[in-house]
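S.K.: One file: final31.cif (mmCIF, C-alpha atoms).
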data_my_file
#
loop_
_atom_site.label_atom_id
_atom_site.label_comp_id
_atom_site.auth_asym_id
_atom_site.auth_seq_id
_atom_site.Cartn_x
_atom_site.Cartn_y
_atom_site.Cartn_z
CA MET J 1 -25.26 64.64 -34.71
CA ALA J 2 -27.93 66.95 -33.47
CA SER J 3 -26.73 69.99 -35.34
CA GLY J 4 -28.50 70.92 -38.52
CA ASN J 5 -25.18 71.68 -40.13
CA SER J 6 -24.27 68.13 -40.94
CA ASP J 7 -24.98 66.92 -44.42
CA PRO J 8 -26.48 63.45 -44.31
CA GLN J 9 -26.57 63.52 -48.09
CA ARG J 10 -22.84 63.83 -48.36
CA ARG J 11 -21.67 60.91 -50.42
CA LEU J 12 -18.32 59.91 -51.74
CA THR J 13 -18.69 59.14 -55.43
CA ALA J 14 -15.24 60.30 -56.46
CA THR J 15 -12.42 57.92 -57.28
CA ALA J 16 -8.72 58.53 -57.50
CA VAL J 17 -6.19 57.44 -60.12
CA LYS J 18 -2.47 58.00 -60.27
CA LEU J 19 0.42 58.46 -62.63
CA LEU J 20 4.06 58.21 -61.63
CA VAL J 21 6.96 60.48 -62.49
CA ALA J 22 10.21 58.56 -62.12
CA GLY J 23 13.87 59.25 -62.74
CA GLY J 24 17.12 59.86 -60.95
CA PHE J 25 17.65 62.13 -57.98
CA GLY J 26 17.43 65.80 -58.94
CA VAL J 27 16.22 65.24 -62.49
CA GLY J 28 13.17 67.48 -62.05
CA LYS J 29 10.40 65.10 -61.02
CA THR J 30 8.83 67.41 -58.45
CA THR J 31 9.25 70.34 -60.84
CA MET J 32 7.29 68.41 -63.47
CA VAL J 33 4.57 67.49 -60.95
CA GLY J 34 4.36 71.13 -59.84
CA SER J 35 4.06 72.45 -63.40
CA VAL J 36 0.59 70.91 -63.83
CA SER J 37 -0.65 70.35 -60.27
CA GLU J 38 -3.56 72.53 -59.07
CA VAL J 39 -1.85 72.83 -55.68
CA PRO J 40 1.85 73.34 -54.95
CA PRO J 41 3.47 69.91 -54.70
CA LEU J 42 2.61 68.22 -51.41
CA ARG J 43 4.89 66.04 -49.38
CA THR J 44 3.85 63.07 -47.30
CA GLU J 45 5.94 60.58 -45.39
CA GLU J 46 5.66 56.84 -45.51
CA VAL J 47 7.30 54.92 -42.70
CA LEU J 48 8.53 51.43 -43.33
CA THR J 49 9.65 49.06 -40.68
CA SER J 50 11.52 45.89 -41.44
CA ALA J 51 13.55 43.40 -39.50
CA SER J 52 17.14 44.32 -40.07
CA GLU J 53 19.16 41.93 -42.14
CA GLY J 54 22.40 42.39 -40.30
CA VAL J 55 24.98 39.65 -40.52
CA ASP J 56 26.22 40.11 -36.99
CA ASP J 57 25.25 37.31 -34.70
CA LEU J 58 23.53 39.07 -31.86
CA SER J 59 22.12 35.78 -30.61
CA GLY J 60 18.47 36.49 -30.31
CA VAL J 61 18.57 40.26 -30.40
CA GLU J 62 16.31 41.17 -33.27
CA ALA J 63 16.71 44.72 -34.35
CA LYS J 64 14.15 46.56 -36.41
CA THR J 65 14.99 49.37 -38.75
CA THR J 66 12.59 52.15 -39.60
CA THR J 67 12.96 54.16 -42.75
CA THR J 68 11.03 57.27 -43.61
CA VAL J 69 10.49 58.00 -47.27
CA ALA J 70 9.25 61.41 -48.36
CA LEU J 71 6.91 61.35 -51.33
CA ASP J 72 6.11 64.44 -53.39
CA PHE J 73 2.86 64.54 -55.27
CA GLY J 74 0.38 66.82 -56.98
CA ARG J 75 -3.33 66.82 -57.67
CA ILE J 76 -5.47 67.51 -60.72
CA THR J 77 -9.24 67.42 -60.24
CA ILE J 78 -10.34 66.00 -63.59
CA ASN J 79 -14.03 66.29 -62.72
CA PRO J 80 -16.03 66.07 -59.47
CA ASP J 81 -15.85 62.29 -59.63
CA LEU J 82 -12.29 61.76 -60.76
CA ILE J 83 -9.09 63.00 -59.14
CA LEU J 84 -5.71 62.42 -60.73
CA TYR J 85 -2.63 62.27 -58.52
CA LEU J 86 0.90 62.58 -59.87
CA PHE J 87 3.45 60.90 -57.62
CA GLY J 88 7.17 61.45 -57.92
CA THR J 89 9.05 58.27 -57.14
CA PRO J 90 11.83 58.51 -54.56
CA GLY J 91 15.03 59.19 -56.46
CA GLN J 92 17.51 57.42 -54.22
CA ASP J 93 18.26 53.77 -54.80
CA ARG J 94 17.75 52.85 -51.18
CA PHE J 95 14.04 53.52 -51.50
CA TRP J 96 13.39 50.84 -54.11
CA PHE J 97 11.02 49.00 -51.81
CA MET J 98 8.62 51.94 -52.10
CA TRP J 99 8.25 51.51 -55.86
CA ASP J 100 6.06 48.43 -55.72
CA GLU J 101 3.47 50.16 -53.62
CA LEU J 102 3.57 53.26 -55.81
CA ALA J 103 3.26 51.25 -59.02
CA ARG J 104 0.30 49.20 -57.77
CA GLY J 105 -2.78 50.49 -59.58
CA ALA J 106 -0.90 53.25 -61.42
CA LEU J 107 -2.16 53.94 -64.95
CA GLY J 108 1.30 54.62 -66.31
CA ALA J 109 4.57 56.43 -65.73
CA VAL J 110 6.82 59.15 -67.08
CA VAL J 111 10.54 58.39 -66.90
CA LEU J 112 12.29 61.73 -66.77
CA ALA J 113 15.80 61.61 -68.21
CA ASP J 114 18.67 64.06 -67.92
CA THR J 115 21.12 63.68 -70.83
CA ARG J 116 24.03 64.74 -68.60
CA ARG J 117 23.41 61.71 -66.38
CA LEU J 118 21.41 59.36 -68.51
CA GLU J 119 22.35 56.32 -66.45
CA THR J 120 20.36 57.62 -63.46
CA CYS J 121 17.10 56.70 -65.19
CA PHE J 122 18.12 53.14 -66.17
CA PRO J 123 16.66 51.60 -62.98
CA ALA J 124 13.28 53.24 -63.64
CA VAL J 125 13.19 52.00 -67.26
CA ASP J 126 14.10 48.52 -66.04
CA PHE J 127 11.49 48.54 -63.33
CA PHE J 128 8.57 49.57 -65.58
CA GLU J 129 9.62 47.18 -68.36
CA ARG J 130 9.71 44.24 -65.96
CA ARG J 131 6.46 45.24 -64.35
CA GLY J 132 4.72 45.78 -67.67
CA LEU J 133 3.57 49.27 -66.68
CA PRO J 134 3.24 51.51 -69.76
CA PHE J 135 5.68 54.42 -69.70
CA VAL J 136 7.04 57.22 -71.84
CA VAL J 137 10.47 58.81 -71.64
CA GLY J 138 10.66 62.57 -71.26
CA VAL J 139 14.10 63.99 -71.93
CA ASN J 140 14.28 67.03 -69.70
CA CYS J 141 16.16 69.80 -71.48
CA PHE J 142 18.04 71.69 -68.82
CA ASP J 143 19.47 75.08 -69.65
CA GLY J 144 22.88 74.67 -71.11
CA ALA J 145 22.70 70.89 -71.31
CA TYR J 146 23.82 69.49 -74.60
CA ARG J 147 20.74 68.38 -76.48
CA TYR J 148 20.93 64.99 -78.02
CA GLY J 149 18.44 63.87 -80.62
CA THR J 150 15.66 61.63 -79.39
CA GLU J 151 17.01 58.69 -81.38
CA GLU J 152 20.43 59.03 -79.77
CA VAL J 153 18.79 58.95 -76.35
CA ARG J 154 16.61 56.00 -77.37
CA ALA J 155 19.67 54.06 -78.47
CA ALA J 156 21.51 54.90 -75.26
CA LEU J 157 18.56 53.84 -73.11
CA ASP J 158 17.86 50.80 -75.28
CA VAL J 159 14.09 51.21 -75.03
CA ASP J 160 11.70 49.63 -77.49
CA GLN J 161 10.60 51.63 -80.55
CA THR J 162 7.02 51.41 -79.29
CA VAL J 163 7.91 53.43 -76.17
CA PRO J 164 7.27 57.12 -76.91
CA LEU J 165 10.28 59.34 -76.23
CA LEU J 166 10.07 63.11 -76.37
CA LEU J 167 12.04 66.20 -75.42
CA CYS J 168 10.43 68.31 -72.72
CA ASP J 169 10.93 71.11 -70.23
CA ALA J 170 9.72 69.96 -66.81
CA ARG J 171 9.20 73.57 -65.70
CA ASP J 172 6.78 74.32 -68.52
CA ARG J 173 3.09 73.53 -68.09
CA GLU J 174 2.38 73.06 -71.80
CA SER J 175 5.41 70.82 -72.21
CA THR J 176 4.40 68.64 -69.25
CA LYS J 177 0.83 68.46 -70.60
CA GLN J 178 2.25 67.22 -73.90
CA VAL J 179 4.20 64.48 -72.08
CA LEU J 180 1.13 63.40 -70.10
CA VAL J 181 -1.12 63.40 -73.20
CA THR J 182 1.47 61.23 -74.98
CA LEU J 183 1.52 58.91 -71.97
CA ILE J 184 -2.27 58.50 -71.82
CA HIS J 185 -2.40 57.81 -75.59
CA HIS J 186 0.28 55.16 -75.06
CA VAL J 187 -1.63 53.62 -72.14
CA MET J 188 -4.80 53.50 -74.30
CA LYS J 189 -2.96 51.85 -77.18
CA ASN J 190 -1.46 49.35 -74.77
CA ALA J 191 -4.86 48.53 -73.30
CA ASP J 192 -6.23 47.92 -76.83
CA LEU J 193 -3.36 45.54 -77.58
CA VAL J 194 -3.82 43.60 -74.36
CA GLN J 195 -7.54 43.28 -75.04
CA SER J 196 -7.24 42.19 -78.64
CA HIS J 197 -4.70 39.53 -77.70
CA GLY J 198 -7.06 38.68 -74.88
CA MET N 1 24.26 77.82 -22.61
CA SER N 2 21.95 80.44 -24.05
CA ASP N 3 21.81 78.78 -27.45
CA TYR N 4 21.25 75.33 -25.97
CA ASP N 5 17.89 74.98 -27.72
CA GLU N 6 19.22 75.99 -31.08
CA ALA N 7 22.00 73.50 -30.75
CA TRP N 8 19.61 70.65 -30.19
CA PHE N 9 16.53 71.33 -32.22
CA ASP N 10 16.45 72.34 -35.83
CA ASP N 11 14.24 71.36 -38.74
CA ALA N 12 16.27 68.25 -39.39
CA ALA N 13 15.45 66.92 -35.95
CA GLY N 14 11.79 66.55 -36.94
CA PRO N 15 8.77 67.05 -34.73
CA LEU N 16 9.44 67.09 -31.02
CA VAL N 17 6.27 65.16 -30.24
CA ARG N 18 6.71 61.50 -31.05
CA PRO N 19 4.38 60.87 -34.00
CA TYR N 20 2.52 58.01 -32.39
CA ALA N 21 1.77 60.05 -29.27
CA VAL N 22 -1.31 61.42 -31.07
CA THR N 23 -2.59 57.90 -31.68
CA GLY N 24 -2.12 56.77 -28.09
CA GLY N 25 0.72 54.56 -29.18
CA ARG N 26 -1.36 52.56 -31.65
CA THR N 27 0.37 51.82 -34.92
CA ARG N 28 -2.04 49.44 -36.63
CA SER N 29 -4.93 50.51 -38.81
CA ASP N 30 -5.52 47.46 -40.92
CA GLN N 31 -9.23 47.10 -40.49
CA TYR N 32 -10.19 49.33 -43.45
CA GLY N 33 -7.19 48.69 -45.69
CA LEU N 34 -6.61 52.41 -46.26
CA ASP N 35 -3.85 53.27 -48.69
CA MET N 36 -2.42 56.60 -49.77
CA LEU N 37 -4.88 56.86 -52.67
CA THR N 38 -8.01 56.09 -50.62
CA LEU N 39 -10.33 59.10 -50.69
CA VAL N 40 -11.94 60.36 -47.50
CA VAL N 41 -14.60 62.95 -46.82
CA ALA N 42 -15.99 64.19 -43.50
CA LEU N 43 -19.67 63.92 -42.62
CA PRO N 44 -19.89 66.53 -39.85
CA SER N 45 -19.40 70.21 -40.53
CA VAL N 46 -16.42 72.18 -39.27
CA ALA N 47 -18.55 73.53 -36.39
CA GLU N 48 -19.56 70.07 -35.28
CA ALA N 49 -15.96 68.91 -35.32
CA ALA N 50 -14.87 71.62 -32.91
CA ALA N 51 -15.47 69.38 -29.91
CA LEU N 52 -13.15 66.66 -31.18
CA PRO N 53 -9.53 66.38 -30.02
CA THR N 54 -7.26 68.70 -31.99
CA GLU N 55 -5.81 66.33 -34.57
CA TYR N 56 -9.22 64.80 -35.32
CA ALA N 57 -10.86 68.21 -35.62
CA LYS N 58 -8.13 69.29 -37.99
CA ILE N 59 -8.78 66.31 -40.24
CA VAL N 60 -12.55 66.86 -40.27
CA ARG N 61 -11.91 70.50 -41.16
CA LEU N 62 -9.66 69.48 -44.05
CA CYS N 63 -11.99 66.80 -45.35
CA GLN N 64 -14.98 68.97 -46.14
CA ARG N 65 -14.21 67.97 -49.72
CA PRO N 66 -12.77 64.62 -50.81
CA LEU N 67 -9.06 64.27 -50.15
CA SER N 68 -6.72 61.32 -50.49
CA VAL N 69 -5.09 59.84 -47.42
CA ALA N 70 -1.76 61.12 -48.80
CA GLU N 71 -3.14 64.68 -48.95
CA VAL N 72 -4.44 64.50 -45.39
CA GLY N 73 -0.97 63.33 -44.33
CA ALA N 74 0.67 66.24 -46.11
CA HIS N 75 -1.69 68.83 -44.64
CA VAL N 76 -1.53 67.65 -41.03
CA ASP N 77 2.20 66.98 -41.38
CA LEU N 78 2.08 63.49 -39.91
CA PRO N 79 3.49 60.29 -41.42
CA LEU N 80 1.03 58.12 -43.36
CA PRO N 81 0.81 55.29 -40.81
CA VAL N 82 -0.21 57.79 -38.11
CA VAL N 83 -2.79 59.44 -40.35
CA LYS N 84 -4.27 56.04 -41.16
CA VAL N 85 -4.80 55.32 -37.46
CA LEU N 86 -6.51 58.69 -36.92
CA LEU N 87 -8.69 58.25 -40.01
CA SER N 88 -9.65 54.73 -38.94
CA ASP N 89 -10.88 56.15 -35.64
CA LEU N 90 -12.93 58.78 -37.47
CA ILE N 91 -14.36 56.17 -39.83
CA GLU N 92 -15.26 53.90 -36.95
CA GLN N 93 -17.18 56.74 -35.31
CA ASN N 94 -18.93 57.69 -38.53
CA TYR N 95 -17.23 61.06 -38.78
CA VAL N 96 -15.59 60.17 -42.07
CA ILE N 97 -16.51 57.96 -45.00
CA PHE N 98 -13.96 56.54 -47.40
CA ARG N 99 -13.69 55.09 -50.86
CA LYS N 100 -10.80 53.01 -52.03
CA ALA N 101 -9.20 53.40 -55.44
CA ALA N 102 -10.38 50.83 -57.98
CA PRO N 103 -8.46 47.57 -57.56
CA PRO N 104 -5.60 47.21 -60.02
CA THR N 105 -6.70 45.54 -63.25
CA GLU N 106 -4.69 44.37 -66.21
CA VAL N 107 -6.46 46.83 -68.48
CA PRO N 108 -7.45 50.27 -67.19
CA ASP N 109 -10.99 51.46 -67.83
CA GLN N 110 -11.18 53.26 -71.21
CA HIS N 111 -13.72 55.76 -69.89
CA VAL N 112 -11.37 56.72 -67.08
CA LEU N 113 -8.45 57.08 -69.52
CA GLN N 114 -10.54 59.23 -71.87
CA ALA N 115 -11.63 61.45 -68.96
CA VAL N 116 -8.01 61.82 -67.80
CA LEU N 117 -6.92 62.68 -71.34
CA ASP N 118 -9.65 65.32 -71.72
CA GLY N 119 -8.86 66.70 -68.27
CA ILE N 120 -5.15 67.10 -68.99
CA ARG N 121 -5.85 68.77 -72.34
CA LYS N 122 -8.10 71.30 -70.64
CA LEU N 123 -5.45 72.35 -68.10
#
Show me the file's structure as structure tokens.

M.R.:
Amino acid sequence: MASGNSDPQRRLTATAVKLLVAGGFGVGKTTMVGSVSEVPPLRTEEVLTSASEGVDDLSGVEAKTTTTVALDFGRITINPDLILYLFGTPGQDRFWFMWDELARGALGAVVLADTRRLETCFPAVDFFERRGLPFVVGVNCFDGAYRYGTEEVRAALDVDQTVPLLLCDARDRESTKQVLVTLIHHVMKNADLVQSHG
Amino acid sequence: MSDYDEAWFDDAAGPLVRPYAVTGGRTRSDQYGLDMLTLVVALPSVAEAAALPTEYAKIVRLCQRPLSVAEVGAHVDLPLPVVKVLLSDLIEQNYVIFRKAAPPTEVPDQHVLQAVLDGIRKL
């Protein structure tokens, strides 16, 4: 590098952390990500290849299947050394295998619920409970959707009283901020509990 | 016959260049263990990168500030496995340095959580 333009002092001190936004297909995950992201939601594609598990006996012919999963995410530069990424989880059931990788190292998750189709967020609640990843439930209030009380939704979802559950509007920046602040508080409380029970 | 092209190629068909063509057919990039949250930053300036092959030059141009592997993938519009191969080449040739996300721990760092909390409140 003969040019004087290069910066030999350039160092990489920043680290990245992530939060997940989960929920059924079309519940508003990318909308929520976009409401707080400093850039319009980005989309990247992960490609997964696996040996197919067909039952047909093709005597030695081993097929491979390749699946492409689109992931939407946003970015918030917390400070020069810390970048927060918000990843929407793939909404369709067939992309379950992607969840493990997304959840690895995540600080916590928002489960976005739509009261018109509450059952679409059951798998996400299940997944985070089993994995022990702290999460909050945001009940996205769509225009015209009948608004249930938070306790009705809690009962229907059968989530623990310790899991924060709040009404929100995924399109609204302040509302999404409130959900994320609630999530981080919950993650902090969780970390305290884990530590004190050591 | 005149609308032959339209009949065959639309957005749903995806890119017409096979993704791995830009990596010379290589699909493995395991040596650095890059994942979508790994941050990368370029060492050379945009001007210095001009001599590199197109896709590499594009990445160096993008990475004048730290970006995650996922962001690079989104901006160059290539699937993550392809981007990882290209980034591995750039790392190997000292054009790019990288930093992995902290390994998953049972309890997240309280300082990090506090910083995230403050950052979200300030939005």

S.K.: When you get a sec, could you note down which chain N residues fall within 10 Å of chain J, using only C-alpha atoms, as JSON, numbers by chain?

M.R.: {"N": [35, 36, 37, 38, 39, 40, 41, 42, 43, 44, 45, 46, 47, 48, 64, 65, 66, 67, 68, 69, 70, 71, 72, 73, 74, 75, 76, 77, 78, 79, 80, 81, 82, 95, 97, 98, 99, 100, 101, 102, 103, 104, 105, 106, 107, 108, 109, 110, 112, 113, 114, 115, 116, 117, 118, 119, 120, 121, 122, 123]}

S.K.: Could you write those residues out with C-alpha atoms, as a compact mmCIF listing (two decimals), in the frame of the given file?

M.R.:
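Below is the file result-v5.txt, written as the result:
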# COMPACT_ATOMS: atom_id res chain seq x y z
CA ASP N 35 -3.85 53.27 -48.69
CA MET N 36 -2.42 56.60 -49.77
CA LEU N 37 -4.88 56.86 -52.67
CA THR N 38 -8.01 56.09 -50.62
CA LEU N 39 -10.33 59.10 -50.69
CA VAL N 40 -11.94 60.36 -47.50
CA VAL N 41 -14.60 62.95 -46.82
CA ALA N 42 -15.99 64.19 -43.50
CA LEU N 43 -19.67 63.92 -42.62
CA PRO N 44 -19.89 66.53 -39.85
CA SER N 45 -19.40 70.21 -40.53
CA VAL N 46 -16.42 72.18 -39.27
CA ALA N 47 -18.55 73.53 -36.39
CA GLU N 48 -19.56 70.07 -35.28
CA GLN N 64 -14.98 68.97 -46.14
CA ARG N 65 -14.21 67.97 -49.72
CA PRO N 66 -12.77 64.62 -50.81
CA LEU N 67 -9.06 64.27 -50.15
CA SER N 68 -6.72 61.32 -50.49
CA VAL N 69 -5.09 59.84 -47.42
CA ALA N 70 -1.76 61.12 -48.80
CA GLU N 71 -3.14 64.68 -48.95
CA VAL N 72 -4.44 64.50 -45.39
CA GLY N 73 -0.97 63.33 -44.33
CA ALA N 74 0.67 66.24 -46.11
CA HIS N 75 -1.69 68.83 -44.64
CA VAL N 76 -1.53 67.65 -41.03
CA ASP N 77 2.20 66.98 -41.38
CA LEU N 78 2.08 63.49 -39.91
CA PRO N 79 3.49 60.29 -41.42
CA LEU N 80 1.03 58.12 -43.36
CA PRO N 81 0.81 55.29 -40.81
CA VAL N 82 -0.21 57.79 -38.11
CA TYR N 95 -17.23 61.06 -38.78
CA ILE N 97 -16.51 57.96 -45.00
CA PHE N 98 -13.96 56.54 -47.40
CA ARG N 99 -13.69 55.09 -50.86
CA LYS N 100 -10.80 53.01 -52.03
CA ALA N 101 -9.20 53.40 -55.44
CA ALA N 102 -10.38 50.83 -57.98
CA PRO N 103 -8.46 47.57 -57.56
CA PRO N 104 -5.60 47.21 -60.02
CA THR N 105 -6.70 45.54 -63.25
CA GLU N 106 -4.69 44.37 -66.21
CA VAL N 107 -6.46 46.83 -68.48
CA PRO N 108 -7.45 50.27 -67.19
CA ASP N 109 -10.99 51.46 -67.83
CA GLN N 110 -11.18 53.26 -71.21
CA VAL N 112 -11.37 56.72 -67.08
CA LEU N 113 -8.45 57.08 -69.52
CA GLN N 114 -10.54 59.23 -71.87
CA ALA N 115 -11.63 61.45 -68.96
CA VAL N 116 -8.01 61.82 -67.80
CA LEU N 117 -6.92 62.68 -71.34
CA ASP N 118 -9.65 65.32 -71.72
CA GLY N 119 -8.86 66.70 -68.27
CA ILE N 120 -5.15 67.10 -68.99
CA ARG N 121 -5.85 68.77 -72.34
CA LYS N 122 -8.10 71.30 -70.64
CA LEU N 123 -5.45 72.35 -68.10

S.K.: Have a look at J:Phe25, J:Glu119, J:Gln161, J:Phe128 and name the one nearest to J:Phe95; count only C-alpha atoms.

M.R.: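 Going through J:Phe25, J:Glu119, J:Gln161, J:Phe128 one by one, the smallest distance to J:Phe95 is for J:Phe25.
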
S.K.: Name the residues that the PyMOL selection byres ((chain J and resi 158) around 12) picks from the file above, as a PyMOL selection string, using the file's chain letters and numbers.

M.R.: chain J and resi 118-119+121-122+125-126+129+137+150-157+159-163+165

S.K.: State, in Å with one decimal place, the distance from atom CA of J:Leu86 to atom CA of J:Val110.

M.R.: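 Atom CA of J:Leu86 sits 9.9 Å away from atom CA of J:Val110.
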
S.K.: Calculate how many Å separate atom CA of N:Tyr56 from atom CA of N:Leu34, rounding to one decimal.

M.R.: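 Rounded to one decimal, the two atoms are 16.7 Å apart.
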
S.K.: Just checking: using only C-alpha atoms, which residue out of J:Met98, J:Ala170, J:Val136, J:Ala113 ends up closest to J:Val33?

M.R.: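 The closest residue to J:Val33 is J:Ala170.
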
S.K.: What is the atom CA of J:Leu19-atom CA of J:Val179 distance in Å, reported with one decimal?

M.R.: 11.8 Å
